[in-house]
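Listing of structure.json, JSON, C-alpha atoms
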[["chain", "number", "residue", "atom", "x", "y", "z"],
["S", 172, "MET", "CA", 10.43, 6.71, 28.53],
["S", 173, "ARG", "CA", 13.94, 8.05, 28.00],
["S", 174, "LYS", "CA", 14.74, 11.62, 29.00],
["S", 175, "LEU", "CA", 15.54, 14.01, 26.13],
["S", 176, "GLY", "CA", 17.46, 17.29, 26.25],
["S", 177, "LEU", "CA", 16.48, 20.28, 24.09],
["S", 178, "ILE", "CA", 18.75, 23.28, 23.50],
["S", 179, "GLY", "CA", 16.12, 25.96, 22.98],
["S", 180, "GLY", "CA", 15.52, 29.70, 22.98],
["S", 181, "MET", "CA", 16.57, 30.10, 19.32],
["S", 182, "SER", "CA", 13.90, 31.49, 19.12],
["S", 183, "TRP", "CA", 11.49, 30.96, 22.03],
["S", 184, "VAL", "CA", 8.76, 30.58, 19.39],
["S", 185, "SER", "CA", 10.42, 27.49, 17.92],
["S", 186, "THR", "CA", 11.06, 26.04, 21.38],
["S", 187, "ARG", "CA", 7.34, 26.30, 22.12],
["S", 188, "THR", "CA", 6.65, 24.47, 18.84],
["S", 189, "TYR", "CA", 9.08, 21.67, 19.71],
["S", 190, "TYR", "CA", 7.52, 21.26, 23.16],
["S", 191, "GLU", "CA", 4.03, 21.04, 21.72],
["S", 192, "HIS", "CA", 4.94, 18.66, 18.88],
["S", 193, "ILE", "CA", 6.85, 16.29, 21.16],
["S", 194, "ASN", "CA", 4.17, 16.13, 23.84],
["S", 195, "ARG", "CA", 1.30, 15.70, 21.38],
["S", 196, "LEU", "CA", 3.15, 12.81, 19.73],
["S", 197, "VAL", "CA", 3.95, 11.18, 23.07],
["S", 198, "GLN", "CA", 0.27, 11.41, 24.04],
["S", 199, "ALA", "CA", -0.84, 10.00, 20.69],
["S", 200, "ARG", "CA", 1.54, 7.06, 20.99],
["S", 201, "THR", "CA", 1.16, 6.28, 24.70],
["S", 202, "SER", "CA", -1.75, 7.66, 26.73],
["S", 203, "LYS", "CA", -3.82, 10.84, 26.89],
["S", 204, "LEU", "CA", -2.32, 11.84, 30.24],
["S", 205, "ALA", "CA", 1.31, 11.25, 29.28],
["S", 206, "SER", "CA", 3.88, 14.01, 28.90],
["S", 207, "ALA", "CA", 7.41, 13.75, 27.60],
["S", 208, "PRO", "CA", 10.36, 13.64, 30.03],
["S", 209, "LEU", "CA", 12.24, 16.70, 28.76],
["S", 210, "LEU", "CA", 15.15, 18.82, 29.93],
["S", 211, "ILE", "CA", 15.03, 22.22, 28.20],
["S", 212, "GLU", "CA", 17.74, 24.85, 28.41],
["S", 213, "SER", "CA", 16.41, 28.05, 26.86],
["S", 214, "LEU", "CA", 19.36, 30.17, 25.75],
["S", 215, "ASP", "CA", 19.33, 33.94, 25.34],
["S", 216, "PHE", "CA", 19.14, 34.43, 21.58],
["S", 217, "THR", "CA", 20.41, 38.02, 21.70],
["S", 218, "ASP", "CA", 24.04, 37.13, 21.01],
["S", 219, "LEU", "CA", 23.25, 34.27, 18.63],
["S", 220, "VAL", "CA", 21.28, 36.13, 15.96],
["S", 221, "ARG", "CA", 22.54, 36.55, 12.37],
["S", 222, "LEU", "CA", 26.08, 35.46, 13.05],
["S", 223, "SER", "CA", 28.60, 36.14, 10.29],
["S", 224, "THR", "CA", 32.22, 36.16, 11.48],
["S", 225, "PRO", "CA", 34.26, 33.10, 12.49],
["S", 226, "GLU", "CA", 34.61, 34.60, 15.96],
["S", 227, "GLN", "CA", 30.83, 34.86, 16.35],
["S", 228, "TRP", "CA", 30.33, 31.28, 15.23],
["S", 229, "ASN", "CA", 33.08, 30.06, 17.56],
["S", 230, "HIS", "CA", 31.28, 31.81, 20.42],
["S", 231, "ALA", "CA", 28.00, 30.16, 19.39],
["S", 232, "ALA", "CA", 29.70, 26.76, 19.29],
["S", 233, "ASP", "CA", 31.03, 27.31, 22.80],
["S", 234, "VAL", "CA", 27.60, 28.37, 24.10],
["S", 235, "LEU", "CA", 25.78, 25.39, 22.58],
["S", 236, "THR", "CA", 28.49, 22.93, 23.58],
["S", 237, "ALA", "CA", 28.28, 24.06, 27.20],
["S", 238, "SER", "CA", 24.51, 23.75, 27.05],
["S", 239, "ALA", "CA", 24.70, 20.22, 25.65],
["S", 240, "GLN", "CA", 27.14, 19.21, 28.38],
["S", 241, "ARG", "CA", 24.84, 20.59, 31.10],
["S", 242, "LEU", "CA", 21.89, 18.68, 29.64],
["S", 243, "GLU", "CA", 23.94, 15.48, 29.51],
["S", 244, "GLN", "CA", 25.05, 15.95, 33.11],
["S", 245, "ALA", "CA", 21.42, 16.52, 34.12],
["S", 246, "GLY", "CA", 20.41, 13.14, 32.69],
["S", 247, "ALA", "CA", 19.51, 13.67, 29.02],
["S", 248, "THR", "CA", 19.99, 10.46, 27.03],
["S", 249, "ALA", "CA", 19.91, 12.30, 23.67],
["S", 250, "ILE", "CA", 19.90, 15.95, 22.64],
["S", 251, "LEU", "CA", 18.21, 18.15, 20.04],
["S", 252, "ILE", "CA", 19.45, 21.54, 18.85],
["S", 253, "GLY", "CA", 16.16, 23.39, 18.45],
["S", 254, "ALA", "CA", 17.24, 25.61, 15.54],
["S", 255, "ASN", "CA", 18.21, 24.80, 11.95],
["S", 256, "SER", "CA", 20.84, 27.51, 11.60],
["S", 257, "MET", "CA", 22.66, 26.41, 14.74],
["S", 258, "HIS", "CA", 23.36, 23.02, 13.18],
["S", 259, "LYS", "CA", 26.33, 24.81, 11.62],
["S", 260, "VAL", "CA", 28.12, 24.06, 14.91],
["S", 261, "TYR", "CA", 26.67, 20.54, 15.18],
["S", 262, "ASP", "CA", 29.98, 18.70, 14.85],
["S", 263, "LYS", "CA", 31.57, 20.53, 17.78],
["S", 264, "VAL", "CA", 28.47, 20.09, 19.97],
["S", 265, "ALA", "CA", 28.06, 16.40, 19.13],
["S", 266, "GLY", "CA", 31.76, 15.77, 19.71],
["S", 267, "ALA", "CA", 31.61, 17.24, 23.21],
["S", 268, "VAL", "CA", 29.02, 14.84, 24.66],
["S", 269, "GLN", "CA", 28.67, 11.07, 24.93],
["S", 270, "VAL", "CA", 24.95, 10.93, 24.11],
["S", 271, "PRO", "CA", 23.51, 11.17, 20.57],
["S", 272, "VAL", "CA", 22.72, 14.61, 19.14],
["S", 273, "ILE", "CA", 19.96, 14.07, 16.58],
["S", 274, "HIS", "CA", 20.68, 16.11, 13.41],
["S", 275, "ILE", "CA", 17.61, 17.77, 11.91],
["S", 276, "ALA", "CA", 18.77, 17.53, 8.27],
["S", 277, "ASP", "CA", 19.55, 13.82, 8.62],
["S", 278, "VAL", "CA", 16.06, 12.91, 9.79],
["S", 279, "VAL", "CA", 14.48, 15.12, 7.10],
["S", 280, "GLY", "CA", 16.71, 13.58, 4.43],
["S", 281, "GLN", "CA", 15.91, 10.05, 5.61],
["S", 282, "LYS", "CA", 12.19, 10.72, 5.37],
["S", 283, "MET", "CA", 12.45, 12.23, 1.90],
["S", 284, "GLN", "CA", 14.58, 9.33, 0.72],
["S", 285, "ALA", "CA", 12.04, 6.85, 2.08],
["S", 286, "ASN", "CA", 9.31, 8.71, 0.19],
["S", 287, "GLY", "CA", 11.26, 8.68, -3.07],
["S", 288, "VAL", "CA", 11.77, 12.45, -3.32],
["S", 289, "LYS", "CA", 14.57, 13.20, -5.77],
["S", 290, "THR", "CA", 14.44, 16.99, -6.20],
["S", 291, "ALA", "CA", 13.48, 19.54, -3.57],
["S", 292, "ALA", "CA", 13.75, 23.20, -2.69],
["S", 293, "LEU", "CA", 14.95, 24.47, 0.67],
["S", 294, "ILE", "CA", 13.44, 27.44, 2.50],
["S", 295, "GLY", "CA", 15.16, 28.81, 5.60],
["S", 296, "SER", "CA", 17.31, 31.57, 6.98],
["S", 297, "ARG", "CA", 20.12, 32.90, 4.84],
["S", 298, "ASN", "CA", 22.88, 30.62, 6.12],
["S", 299, "VAL", "CA", 20.67, 27.52, 5.89],
["S", 300, "MET", "CA", 19.70, 28.27, 2.28],
["S", 301, "ILE", "CA", 23.13, 29.15, 0.88],
["S", 302, "GLU", "CA", 25.78, 27.44, 3.02],
["S", 303, "SER", "CA", 26.81, 23.80, 2.72],
["S", 304, "PHE", "CA", 26.42, 22.58, 6.34],
["S", 305, "TYR", "CA", 22.68, 21.93, 5.92],
["S", 306, "ARG", "CA", 22.40, 21.38, 2.18],
["S", 307, "LYS", "CA", 25.18, 18.76, 2.19],
["S", 308, "ARG", "CA", 23.42, 16.64, 4.84],
["S", 309, "LEU", "CA", 20.25, 16.54, 2.73],
["S", 310, "ILE", "CA", 22.14, 15.73, -0.47],
["S", 311, "GLU", "CA", 23.81, 12.79, 1.28],
["S", 312, "HIS", "CA", 20.36, 11.18, 1.39],
["S", 313, "GLY", "CA", 19.99, 11.23, -2.39],
["S", 314, "VAL", "CA", 18.06, 14.50, -2.68],
["S", 315, "THR", "CA", 19.00, 17.10, -5.30],
["S", 316, "LEU", "CA", 18.33, 20.66, -4.16],
["S", 317, "LEU", "CA", 17.37, 23.55, -6.42],
["S", 318, "PRO", "CA", 19.90, 26.42, -6.23],
["S", 319, "PRO", "CA", 18.80, 29.30, -3.99],
["S", 320, "VAL", "CA", 17.34, 32.42, -5.65],
["S", 321, "MET", "CA", 19.19, 35.26, -3.95],
["S", 322, "ASP", "CA", 16.30, 37.75, -4.06],
["S", 323, "SER", "CA", 14.13, 35.17, -2.29],
["S", 324, "VAL", "CA", 16.90, 34.38, 0.21],
["S", 325, "GLU", "CA", 17.07, 37.96, 1.43],
["S", 326, "GLU", "CA", 13.29, 38.33, 1.75],
["S", 327, "VAL", "CA", 12.88, 35.00, 3.56],
["S", 328, "ASP", "CA", 15.68, 35.94, 5.97],
["S", 329, "ARG", "CA", 14.00, 39.28, 6.69],
["S", 330, "ILE", "CA", 10.62, 37.67, 7.38],
["S", 331, "ILE", "CA", 12.16, 35.07, 9.69],
["S", 332, "TYR", "CA", 14.13, 37.50, 11.84],
["S", 333, "GLU", "CA", 11.91, 40.58, 11.76],
["S", 334, "GLU", "CA", 8.52, 38.85, 11.99],
["S", 335, "LEU", "CA", 8.39, 35.13, 12.81],
["S", 336, "MET", "CA", 11.04, 35.06, 15.52],
["S", 337, "GLN", "CA", 9.13, 37.85, 17.23],
["S", 338, "GLY", "CA", 5.92, 35.82, 17.14],
["S", 339, "ARG", "CA", 4.31, 37.75, 14.24],
["S", 340, "ALA", "CA", 2.62, 35.95, 11.35],
["S", 341, "THR", "CA", 1.37, 38.28, 8.59],
["S", 342, "ARG", "CA", -0.84, 37.78, 5.54],
["S", 343, "SER", "CA", 1.88, 39.40, 3.45],
["S", 344, "ALA", "CA", 4.37, 36.70, 4.50],
["S", 345, "GLU", "CA", 1.82, 33.98, 3.72],
["S", 346, "ARG", "CA", 1.37, 35.39, 0.20],
["S", 347, "THR", "CA", 5.12, 35.68, -0.30],
["S", 348, "PHE", "CA", 5.66, 32.01, 0.51],
["S", 349, "LYS", "CA", 2.70, 30.82, -1.60],
["S", 350, "THR", "CA", 4.19, 32.59, -4.62],
["S", 351, "MET", "CA", 7.66, 31.27, -3.83],
["S", 352, "ILE", "CA", 6.49, 27.66, -3.55],
["S", 353, "THR", "CA", 4.53, 27.95, -6.81],
["S", 354, "ASN", "CA", 7.69, 29.19, -8.54],
["S", 355, "MET", "CA", 9.72, 26.36, -7.02],
["S", 356, "GLU", "CA", 7.27, 23.83, -8.40],
["S", 357, "ARG", "CA", 7.61, 25.46, -11.82],
["S", 358, "ASP", "CA", 11.39, 25.13, -11.53],
["S", 359, "GLY", "CA", 11.14, 21.37, -10.94],
["S", 360, "ALA", "CA", 10.90, 20.86, -7.19],
["S", 361, "GLN", "CA", 8.97, 17.75, -6.11],
["S", 362, "ALA", "CA", 8.85, 18.87, -2.48],
["S", 363, "ILE", "CA", 9.70, 21.75, -0.15],
["S", 364, "VAL", "CA", 11.90, 21.50, 2.95],
["S", 365, "LEU", "CA", 11.14, 23.98, 5.72],
["S", 366, "GLY", "CA", 14.62, 24.65, 7.09],
["S", 367, "CYS", "CA", 13.48, 27.13, 9.72],
["S", 368, "THR", "CA", 11.60, 26.15, 12.86],
["S", 369, "GLU", "CA", 9.14, 29.07, 12.70],
["S", 370, "LEU", "CA", 8.02, 28.74, 9.07],
["S", 371, "ASP", "CA", 4.91, 26.69, 9.90],
["S", 372, "MET", "CA", 3.45, 29.95, 11.23],
["S", 373, "VAL", "CA", 2.97, 31.20, 7.64],
["S", 374, "ILE", "CA", 3.24, 28.08, 5.46],
["S", 375, "ASP", "CA", 0.36, 25.61, 5.53],
["S", 376, "VAL", "CA", 2.12, 22.27, 5.75],
["S", 377, "ASP", "CA", -1.00, 20.28, 4.80],
["S", 378, "ALA", "CA", -2.50, 22.43, 2.04],
["S", 379, "ASN", "CA", 0.06, 23.39, -0.57],
["S", 380, "VAL", "CA", 0.84, 22.73, -4.20],
["S", 381, "LEU", "CA", 3.81, 20.54, -3.17],
["S", 382, "PRO", "CA", 4.50, 18.14, -0.29],
["S", 383, "ILE", "CA", 5.99, 20.10, 2.60],
["S", 384, "TYR", "CA", 8.68, 18.52, 4.80],
["S", 385, "ASP", "CA", 8.51, 20.50, 8.03],
["S", 386, "GLY", "CA", 11.91, 20.01, 9.64],
["S", 387, "THR", "CA", 10.67, 20.90, 13.11],
["S", 388, "ALA", "CA", 7.86, 18.34, 13.04],
["S", 389, "ILE", "CA", 10.14, 15.64, 11.61],
["S", 390, "HIS", "CA", 12.84, 16.42, 14.20],
["S", 391, "ALA", "CA", 10.21, 16.16, 16.93],
["S", 392, "GLU", "CA", 9.08, 12.78, 15.57],
["S", 393, "ALA", "CA", 12.66, 11.52, 15.74],
["S", 394, "ALA", "CA", 12.86, 12.81, 19.31],
["S", 395, "VAL", "CA", 9.74, 10.85, 20.26],
["S", 396, "ASP", "CA", 11.10, 7.73, 18.58],
["S", 397, "TRP", "CA", 14.11, 8.07, 20.88],
["S", 398, "ILE", "CA", 12.04, 8.84, 23.98],
["S", 399, "LEU", "CA", 9.91, 5.73, 23.39],
["S", 400, "GLY", "CA", 12.87, 3.57, 22.34],
["S", 401, "GLU", "CA", 11.45, 2.88, 18.89]]

Starting from the file, lay out its structure as structure tokens.
Amino acid sequence: MRKLGLIGGMSWVSTRTYYEHINRLVQARTSKLASAPLLIESLDFTDLVRLSTPEQWNHAADVLTASAQRLEQAGATAILIGANSMHKVYDKVAGAVQVPVIHIADVVGQKMQANGVKTAALIGSRNVMIESFYRKRLIEHGVTLLPPVMDSVEEVDRIIYEELMQGRATRSAERTFKTMITNMERDGAQAIVLGCTELDMVIDVDANVLPIYDGTAIHAEAAVDWILGE
């Protein structure tokens, strides 16, 4: 198996999810006693939360780039950024290392394209839902995205940062997302993309009115494909 590097800690909750997904898949596809060869650098999320200014994003790019370089030097043969929002600095990170950095939106878009999904709605933190860095990568795979509803954007962002990233999953959040997904279906979405690594805490991926494309799970599958050389 090939060694994979994971830039984590954004949040620790999502890093735990990545670790579990990757190891369960490796076990399922190899043997019951197998575990994935992983290098994980868990960053302090304190200075990387809700970035807004160019200076803050430049700092984040420097932090993640340095992390990717350390993982490469330690023997990682490919790297994941374990946070959707931090893919805003993907180009700088990927350009600073010689190994592949697997983009979460690319693997989600490829899967949706393979499944024939033409129109979808995106749920994630504020910058993922309204900025182009994530939406554009999905659209490049032939998927049309519904425009974000700003009232929903603010509420989703609040739930992510004030609840999910702190490890809290509430019934109120579950109800909010059920209503939101129902409205998205009414507006023409054929599927929902979870563009935040913690959303599976309050959105049932397997029991919803629409197919749910969980970016974290799909990213982890791509990681295991790499680890196993498939």

Review point. Restricting the calculation to all atoms listed in the file, which member of S:Leu381, S:Met372, S:Val272, S:Ala344 is positioned closest to Ile330 (chain S)?
Key: S:Ala344

Point to revise | Å distance separating CA of Pro319 (chain S) from CA of Met300 (chain S), one decimal place | key: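 Between CA of Pro319 (chain S) and CA of Met300 (chain S) the gap works out to 6.4 Å.
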
Taking a cut-off of 8 Å and counting all atoms listed in the file, can you build a table that, for each residue of region 214-324 of chain S near region 351-360 of chain S, reports the nearest atom pair and how far apart they are in Å (one decimal), sorted by chain then residue number, as JSON lines?
{"residue": "S:Thr290", "atom": "CA", "partner": "S:Ala360", "partner_atom": "CA", "distance": 5.3}
{"residue": "S:Ala291", "atom": "CA", "partner": "S:Ala360", "partner_atom": "CA", "distance": 4.6}
{"residue": "S:Ala292", "atom": "CA", "partner": "S:Ala360", "partner_atom": "CA", "distance": 5.8}
{"residue": "S:Leu317", "atom": "CA", "partner": "S:Ala360", "partner_atom": "CA", "distance": 7.0}
{"residue": "S:Ser323", "atom": "CA", "partner": "S:Met351", "partner_atom": "CA", "distance": 7.7}

Check your understanding: Between S:Leu399, S:Leu210, S:Cys367, S:Val278, which one has atoms that come closest to Gln198 (chain S), using only C-alpha atoms?
Key ->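 Once distances to Gln198 (chain S) are computed over only C-alpha atoms, the minimum belongs to S:Leu399.
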
Practice item. Find the spatial neighbours of region 242-252 of chain S, counting only C-alpha atoms, within a cut-off of 6 Å - ignore same-chain residues fewer than 5 positions away - and output them as a list in words. Key: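 Once the nearby chain positions are removed, what remains is Lys174, Leu175, Gly176, Leu177, Ile178, Val270, Pro271, Val272 and Ile273 of chain S.
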
Practice item. Measure the distance from CA of His192 (chain S) to CA of Asp277 (chain S) in Å and round it to one decimal. Key: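 Between these atoms lies a distance of 18.5 Å.
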
Quick one: residues within 10 Å of region 307-309 of chain S, all atoms listed in the file counted, chain neighbours fewer than 5 positions away excluded, as a PDB file with C-alpha atoms, keeping the file's coordinate frame?
ATOM      1  CA  HIS S 274      20.680  16.110  13.410  1.00  0.00           C
ATOM      2  CA  ILE S 275      17.610  17.770  11.910  1.00  0.00           C
ATOM      3  CA  ALA S 276      18.770  17.530   8.270  1.00  0.00           C
ATOM      4  CA  ASP S 277      19.550  13.820   8.620  1.00  0.00           C
ATOM      5  CA  VAL S 278      16.060  12.910   9.790  1.00  0.00           C
ATOM      6  CA  VAL S 279      14.480  15.120   7.100  1.00  0.00           C
ATOM      7  CA  GLY S 280      16.710  13.580   4.430  1.00  0.00           C
ATOM      8  CA  GLN S 281      15.910  10.050   5.610  1.00  0.00           C
ATOM      9  CA  MET S 283      12.450  12.230   1.900  1.00  0.00           C
ATOM     10  CA  GLN S 284      14.580   9.330   0.720  1.00  0.00           C
ATOM     11  CA  ALA S 291      13.480  19.540  -3.570  1.00  0.00           C
ATOM     12  CA  LEU S 293      14.950  24.470   0.670  1.00  0.00           C
ATOM     13  CA  GLU S 302      25.780  27.440   3.020  1.00  0.00           C
ATOM     14  CA  VAL S 314      18.060  14.500  -2.680  1.00  0.00           C
ATOM     15  CA  THR S 315      19.000  17.100  -5.300  1.00  0.00           C
ATOM     16  CA  LEU S 316      18.330  20.660  -4.160  1.00  0.00           C
ATOM     17  CA  VAL S 364      11.900  21.500   2.950  1.00  0.00           C
TER      18      VAL S 364
END

Point to revise | Nearby residues (all atoms listed in the file) at most 12 Å from Arg200 (chain S), same-chain spacing under 5 positions excluded, as a list of chain:residue names | key: S:Met172, S:Ile193, S:Asn194, S:Arg195, S:Ala205, S:Ser206, S:Ala207, S:Glu392, S:Val395, S:Asp396, S:Ile398, S:Leu399, S:Gly400, S:Glu401

Provide an axis-aligned box for all listed atoms of region 273-288 of chain S, padding each side by 8 Å; report its centre and its edge lengths in Å to one decimal, as lines of an AutoDock Vina configuration file.
center_x = 15.0
center_y = 12.3
center_z = 6.6
size_x = 27.4
size_y = 26.9
size_z = 35.9

Review point. Which is closest to Ala254 (chain S) among S:Val327, S:Met336, S:Ile383, S:Val376, if we use all atoms listed in the file?
Key: S:Met336

Check your understanding: With all atoms listed in the file as the atoms that count, which of S:Ser343, S:Ser182, S:Asn379, S:Thr188 lies nearest to Phe216 (chain S)?
Key ->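 Under the stated criterion, the closest residue is S:Ser182.
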
**Study point:** Among the residues S:Glu326, S:Asp375, S:Glu369, S:Glu333, the one that comes closest to Arg187 (chain S) [using all atoms listed in the file]
**Key:**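 Of all the options, S:Glu369 lies closest to Arg187 (chain S).
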
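Comparing the minimum interatomic distances between Phe348 (chain S) and each of S:Ile310, S:Ala362, S:Met257, S:Ile294, counting all atoms listed in the file, we find that S:Ile294 sits nearest.
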
Review point. Suppose you want the space between CA of Arg241 (chain S) and CA of Leu214 (chain S); what is it in Å?
Key: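 Result for CA of Arg241 (chain S) versus CA of Leu214 (chain S): 12.3 Å, one decimal.
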
Exercise for review: Write out as a PyMOL selection string each polymer residue whose atoms come within 10 Å of Ser296 (chain S), counting only C-alpha atoms; drop sequence neighbours fewer than 4 positions from it.
Suggested key: chain S and resi 221+255-256+300-301+324-332+365-368+370

All heavy atoms restored at region 364-373 of chain S, emitted as a PDB file, in the coordinates of the input:
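Written file, result_30.pdb:
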ATOM      1  N   VAL S 364      11.392  21.717   1.598  1.00  0.00           N
ATOM      2  CA  VAL S 364      11.900  21.500   2.950  1.00  0.00           C
ATOM      3  C   VAL S 364      11.839  22.812   3.711  1.00  0.00           C
ATOM      4  O   VAL S 364      12.374  23.827   3.252  1.00  0.00           O
ATOM      5  CB  VAL S 364      13.367  21.002   2.926  1.00  0.00           C
ATOM      6  CG1 VAL S 364      13.908  20.873   4.346  1.00  0.00           C
ATOM      7  CG2 VAL S 364      13.466  19.683   2.185  1.00  0.00           C
ATOM      8  N   LEU S 365      11.163  22.808   4.854  1.00  0.00           N
ATOM      9  CA  LEU S 365      11.140  23.980   5.720  1.00  0.00           C
ATOM     10  C   LEU S 365      12.350  23.889   6.649  1.00  0.00           C
ATOM     11  O   LEU S 365      12.353  23.141   7.622  1.00  0.00           O
ATOM     12  CB  LEU S 365       9.846  24.051   6.534  1.00  0.00           C
ATOM     13  CG  LEU S 365       8.535  24.109   5.740  1.00  0.00           C
ATOM     14  CD1 LEU S 365       7.369  24.414   6.674  1.00  0.00           C
ATOM     15  CD2 LEU S 365       8.610  25.131   4.610  1.00  0.00           C
ATOM     16  N   GLY S 366      13.378  24.669   6.330  1.00  0.00           N
ATOM     17  CA  GLY S 366      14.620  24.650   7.090  1.00  0.00           C
ATOM     18  C   GLY S 366      14.695  25.775   8.103  1.00  0.00           C
ATOM     19  O   GLY S 366      15.769  26.310   8.362  1.00  0.00           O
ATOM     20  N   CYS S 367      13.558  26.131   8.655  1.00  0.00           N
ATOM     21  CA  CYS S 367      13.480  27.130   9.720  1.00  0.00           C
ATOM     22  C   CYS S 367      12.341  26.722  10.633  1.00  0.00           C
ATOM     23  O   CYS S 367      11.238  26.413  10.149  1.00  0.00           O
ATOM     24  CB  CYS S 367      13.247  28.524   9.157  1.00  0.00           C
ATOM     25  SG  CYS S 367      12.797  29.744  10.407  1.00  0.00           S
ATOM     26  N   THR S 368      12.576  26.712  11.929  1.00  0.00           N
ATOM     27  CA  THR S 368      11.600  26.150  12.860  1.00  0.00           C
ATOM     28  C   THR S 368      10.330  26.976  13.010  1.00  0.00           C
ATOM     29  O   THR S 368       9.333  26.478  13.512  1.00  0.00           O
ATOM     30  CB  THR S 368      12.247  25.955  14.245  1.00  0.00           C
ATOM     31  OG1 THR S 368      12.963  27.145  14.602  1.00  0.00           O
ATOM     32  CG2 THR S 368      13.221  24.797  14.242  1.00  0.00           C
ATOM     33  N   GLU S 369      10.346  28.240  12.560  1.00  0.00           N
ATOM     34  CA  GLU S 369       9.140  29.070  12.700  1.00  0.00           C
ATOM     35  C   GLU S 369       8.283  29.147  11.439  1.00  0.00           C
ATOM     36  O   GLU S 369       7.226  29.772  11.456  1.00  0.00           O
ATOM     37  CB  GLU S 369       9.541  30.511  13.095  1.00  0.00           C
ATOM     38  CG  GLU S 369      10.176  30.644  14.463  1.00  0.00           C
ATOM     39  CD  GLU S 369      11.684  30.490  14.445  1.00  0.00           C
ATOM     40  OE1 GLU S 369      12.242  30.268  13.350  1.00  0.00           O
ATOM     41  OE2 GLU S 369      12.300  30.574  15.521  1.00  0.00           O
ATOM     42  N   LEU S 370       8.710  28.540  10.348  1.00  0.00           N
ATOM     43  CA  LEU S 370       8.020  28.740   9.070  1.00  0.00           C
ATOM     44  C   LEU S 370       6.592  28.193   9.041  1.00  0.00           C
ATOM     45  O   LEU S 370       5.776  28.639   8.232  1.00  0.00           O
ATOM     46  CB  LEU S 370       8.833  28.138   7.920  1.00  0.00           C
ATOM     47  CG  LEU S 370      10.034  28.967   7.462  1.00  0.00           C
ATOM     48  CD1 LEU S 370      10.863  28.180   6.449  1.00  0.00           C
ATOM     49  CD2 LEU S 370       9.580  30.293   6.845  1.00  0.00           C
ATOM     50  N   ASP S 371       6.277  27.228   9.917  1.00  0.00           N
ATOM     51  CA  ASP S 371       4.910  26.690   9.900  1.00  0.00           C
ATOM     52  C   ASP S 371       3.887  27.736  10.347  1.00  0.00           C
ATOM     53  O   ASP S 371       2.685  27.525  10.210  1.00  0.00           O
ATOM     54  CB  ASP S 371       4.802  25.429  10.750  1.00  0.00           C
ATOM     55  CG  ASP S 371       4.998  25.678  12.235  1.00  0.00           C
ATOM     56  OD1 ASP S 371       5.502  26.759  12.607  1.00  0.00           O
ATOM     57  OD2 ASP S 371       4.645  24.783  13.035  1.00  0.00           O
ATOM     58  N   MET S 372       4.350  28.875  10.852  1.00  0.00           N
ATOM     59  CA  MET S 372       3.450  29.950  11.230  1.00  0.00           C
ATOM     60  C   MET S 372       2.795  30.590   9.999  1.00  0.00           C
ATOM     61  O   MET S 372       1.693  31.141  10.087  1.00  0.00           O
ATOM     62  CB  MET S 372       4.200  31.033  12.019  1.00  0.00           C
ATOM     63  CG  MET S 372       4.734  30.579  13.368  1.00  0.00           C
ATOM     64  SD  MET S 372       5.898  31.770  14.086  1.00  0.00           S
ATOM     65  CE  MET S 372       4.835  33.214  14.290  1.00  0.00           C
ATOM     66  N   VAL S 373       3.479  30.526   8.838  1.00  0.00           N
ATOM     67  CA  VAL S 373       2.970  31.200   7.640  1.00  0.00           C
ATOM     68  C   VAL S 373       2.915  30.296   6.413  1.00  0.00           C
ATOM     69  O   VAL S 373       2.512  30.736   5.340  1.00  0.00           O
ATOM     70  CB  VAL S 373       3.819  32.459   7.314  1.00  0.00           C
ATOM     71  CG1 VAL S 373       3.527  33.569   8.306  1.00  0.00           C
ATOM     72  CG2 VAL S 373       5.310  32.146   7.285  1.00  0.00           C
TER      73      VAL S 373
END
